[in-house]
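**Q** Take this structure first; my questions come after.
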Amino acid sequence: MTSEATRGLALDFAGQIAPAGCIDIRRFFGGSALVRNGAQFGFVMKGTLYLRVDEAMRAEFEADGSEPFSYRAAGREVTVRRYYAAGREVTVRRYYAVPAHVIDDPALLHSYAERALHATPTPGHRLSDTMLAVTSFG
């Protein structure tokens with residue numbers, strides 16, 4: 001998917017989530033970030049919408065079969081606060097792919113986007129419920 005197509009998709013999602021002009025679309029590596037009031041609460045990468053999650057949203061998304069955002073990275077094994085790189089695969093557990101049934105339901109998509117925004121720290125502020133870098137799932 002081209003960067004222009006990704007931006008167009010991000011604009012479509014933004015239009016479904018909030019009135020025009022409420023969400024800024026910014027370049028974000030190979031995709032487009034969804035930003036409101038300076039806080040990035042989601043992004044579109046390779047045709048997939050990802051939203052920032054809190055613990056409750058993560059559980060709901062995982063129950064729907066959604067996966068966290070991941071990408072291939074060069075370098076050695078690294079563990080940092082927000083992601084875990086095992087070899088070359090980096091998994092960012094703060095952002096999950098939005099399930100198809102959520103995207104197909106405008107009211108539900110809006111609700112999830114609002115929840116993602118509330119799970120996102122605003123610039124200069126951190127959320128108190130930070131998550132450990134590595135979480136094991138059975």
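We name chains A, B, ... following the order of the structure tokens; residues begin at 1 in each chain, and ligands are numbered from 1 as shown.
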Taking only residues of range 6-53 of chain A that have an atom at most 10 Å from an atom of range 87-107 of chain A, what is each one's shortest atom pair and its distance in Å to one decimal, using only C-alpha atoms, in chain and number order, as a tab-separated table?

**A**
```
residue	atom	partner	partner_atom	distance
A:Phe13	CA	A:Ile103	CA	8.5
A:Gln16	CA	A:Pro106	CA	6.4
A:Ile17	CA	A:Pro106	CA	7.4
A:Phe41	CA	A:Tyr95	CA	8.6
A:Gly42	CA	A:Tyr95	CA	7.3
A:Phe43	CA	A:Tyr95	CA	8.7
A:Val44	CA	A:Ala97	CA	9.2
A:Met45	CA	A:Ala97	CA	9.7
A:Thr48	CA	A:Ala97	CA	6.5
A:Leu49	CA	A:Ala97	CA	5.7
A:Tyr50	CA	A:Ala97	CA	4.3
A:Leu51	CA	A:Tyr95	CA	5.2
A:Arg52	CA	A:Tyr95	CA	4.4
A:Val53	CA	A:Arg94	CA	5.6
```

**Q** Take the residues that were just selected and, keeping N, CA and C atoms, output them as a PDB file, in the first residue's frame.

**A**
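Dumped to again28.pdb:
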```pdb
ATOM      1  N   PHE A  13     -10.821   6.690   8.201  1.00  0.00           N
ATOM      2  CA  PHE A  13     -11.060   6.284   9.583  1.00  0.00           C
ATOM      3  C   PHE A  13     -11.295   7.506  10.470  1.00  0.00           C
ATOM      4  N   GLN A  16     -14.724   8.777  10.183  1.00  0.00           N
ATOM      5  CA  GLN A  16     -15.713   7.930  10.850  1.00  0.00           C
ATOM      6  C   GLN A  16     -15.686   8.119  12.365  1.00  0.00           C
ATOM      7  N   ILE A  17     -14.529   8.485  12.887  1.00  0.00           N
ATOM      8  CA  ILE A  17     -14.346   8.576  14.329  1.00  0.00           C
ATOM      9  C   ILE A  17     -14.815   9.911  14.900  1.00  0.00           C
ATOM     10  N   PHE A  41      -3.239   8.346  19.245  1.00  0.00           N
ATOM     11  CA  PHE A  41      -4.033   7.266  19.816  1.00  0.00           C
ATOM     12  C   PHE A  41      -4.205   6.092  18.860  1.00  0.00           C
ATOM     13  N   GLY A  42      -3.696   6.233  17.646  1.00  0.00           N
ATOM     14  CA  GLY A  42      -3.791   5.153  16.684  1.00  0.00           C
ATOM     15  C   GLY A  42      -2.971   5.439  15.453  1.00  0.00           C
ATOM     16  N   PHE A  43      -2.922   4.458  14.555  1.00  0.00           N
ATOM     17  CA  PHE A  43      -2.235   4.656  13.281  1.00  0.00           C
ATOM     18  C   PHE A  43      -2.712   3.610  12.284  1.00  0.00           C
ATOM     19  N   VAL A  44      -2.452   3.910  11.026  1.00  0.00           N
ATOM     20  CA  VAL A  44      -2.744   2.978   9.943  1.00  0.00           C
ATOM     21  C   VAL A  44      -1.407   2.567   9.346  1.00  0.00           C
ATOM     22  N   MET A  45      -1.199   1.258   9.269  1.00  0.00           N
ATOM     23  CA  MET A  45       0.035   0.717   8.716  1.00  0.00           C
ATOM     24  C   MET A  45      -0.324  -0.467   7.836  1.00  0.00           C
ATOM     25  N   THR A  48      -3.984  -1.566   7.808  1.00  0.00           N
ATOM     26  CA  THR A  48      -4.592  -1.985   9.065  1.00  0.00           C
ATOM     27  C   THR A  48      -4.646  -0.821  10.032  1.00  0.00           C
ATOM     28  N   LEU A  49      -5.801  -0.654  10.683  1.00  0.00           N
ATOM     29  CA  LEU A  49      -5.961   0.358  11.724  1.00  0.00           C
ATOM     30  C   LEU A  49      -5.559  -0.254  13.055  1.00  0.00           C
ATOM     31  N   TYR A  50      -4.658   0.421  13.757  1.00  0.00           N
ATOM     32  CA  TYR A  50      -4.231   0.022  15.095  1.00  0.00           C
ATOM     33  C   TYR A  50      -4.643   1.120  16.062  1.00  0.00           C
ATOM     34  N   LEU A  51      -5.164   0.732  17.225  1.00  0.00           N
ATOM     35  CA  LEU A  51      -5.497   1.692  18.265  1.00  0.00           C
ATOM     36  C   LEU A  51      -4.700   1.389  19.520  1.00  0.00           C
ATOM     37  N   ARG A  52      -4.397   2.440  20.267  1.00  0.00           N
ATOM     38  CA  ARG A  52      -3.733   2.267  21.555  1.00  0.00           C
ATOM     39  C   ARG A  52      -4.725   1.596  22.502  1.00  0.00           C
ATOM     40  N   VAL A  53      -4.239   0.675  23.303  1.00  0.00           N
ATOM     41  CA  VAL A  53      -5.121  -0.074  24.189  1.00  0.00           C
ATOM     42  C   VAL A  53      -4.727   0.090  25.649  1.00  0.00           C
TER      43      VAL A  53
END
```

**Q** Find the spatial neighbours of Glu114 in chain A, counting only C-alpha atoms, within a cut-off of 10 Å - ignore same-chain residues fewer than 4 positions away - and output them as a VMD selection string.

**A** chain A and resid 17 to 18 41 51 108 to 110 118 to 120

**Q** Write to file, as a PDB file, in the first residue's frame, the residues of the selection just made, with C-alpha atoms.

**A**
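After the write, selection.pdb holds the following:
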```pdb
ATOM      1  CA  ILE A  17     -14.346   8.576  14.329  1.00  0.00           C
ATOM      2  CA  ALA A  18     -14.812  12.336  14.740  1.00  0.00           C
ATOM      3  CA  PHE A  41      -4.033   7.266  19.816  1.00  0.00           C
ATOM      4  CA  LEU A  51      -5.497   1.692  18.265  1.00  0.00           C
ATOM      5  CA  LEU A 108     -18.494   0.939  17.974  1.00  0.00           C
ATOM      6  CA  LEU A 109     -15.468   2.300  16.098  1.00  0.00           C
ATOM      7  CA  HIS A 110     -16.120   5.747  17.572  1.00  0.00           C
ATOM      8  CA  HIS A 118      -8.290   7.988  27.019  1.00  0.00           C
ATOM      9  CA  ALA A 119      -5.610   5.258  27.146  1.00  0.00           C
ATOM     10  CA  THR A 120      -3.104   7.627  25.535  1.00  0.00           C
TER      11      THR A 120
END
```

**Q** Which of these residues is nearest to Val35 in chain A, using only C-alpha atoms: A:Ala59, A:Thr122, A:Ile23, A:Tyr112?

**A**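 Using only C-alpha atoms, the shortest distance to Val35 in chain A belongs to A:Ile23.
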
**Q** Can you pull out every residue from range 1-126 of chain A that DSSP, working from the backbone, puts in strand (DSSP E), and format the result as a ChimeraX atom specification?

**A** /A:24-28,31-36,39-45,48-52,68-72,78-79,83-86,89-97

**Q** Could you check the closest approach to Lys46 in chain A for each of A:Tyr71, A:Asp24, A:Ser66, A:Gly31 and tell me which residue wins, using only C-alpha atoms?

**A**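 Using only C-alpha atoms, Lys46 in chain A sits closest to A:Gly31.
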
**Q** Which is closest to Ala113 in chain A among A:Ser32, A:Cys22, A:Ala14, A:Ala63, if we use only C-alpha atoms?

**A**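 Looking only at the distances to Ala113 in chain A, the closest residue turns out to be A:Ala14.
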
**Q** For a test of reading the model, state the distance in Å between CA of Ala116 in chain A and CA of Thr2 in chain A, rounded to one decimal.

**A** 25.6 Å
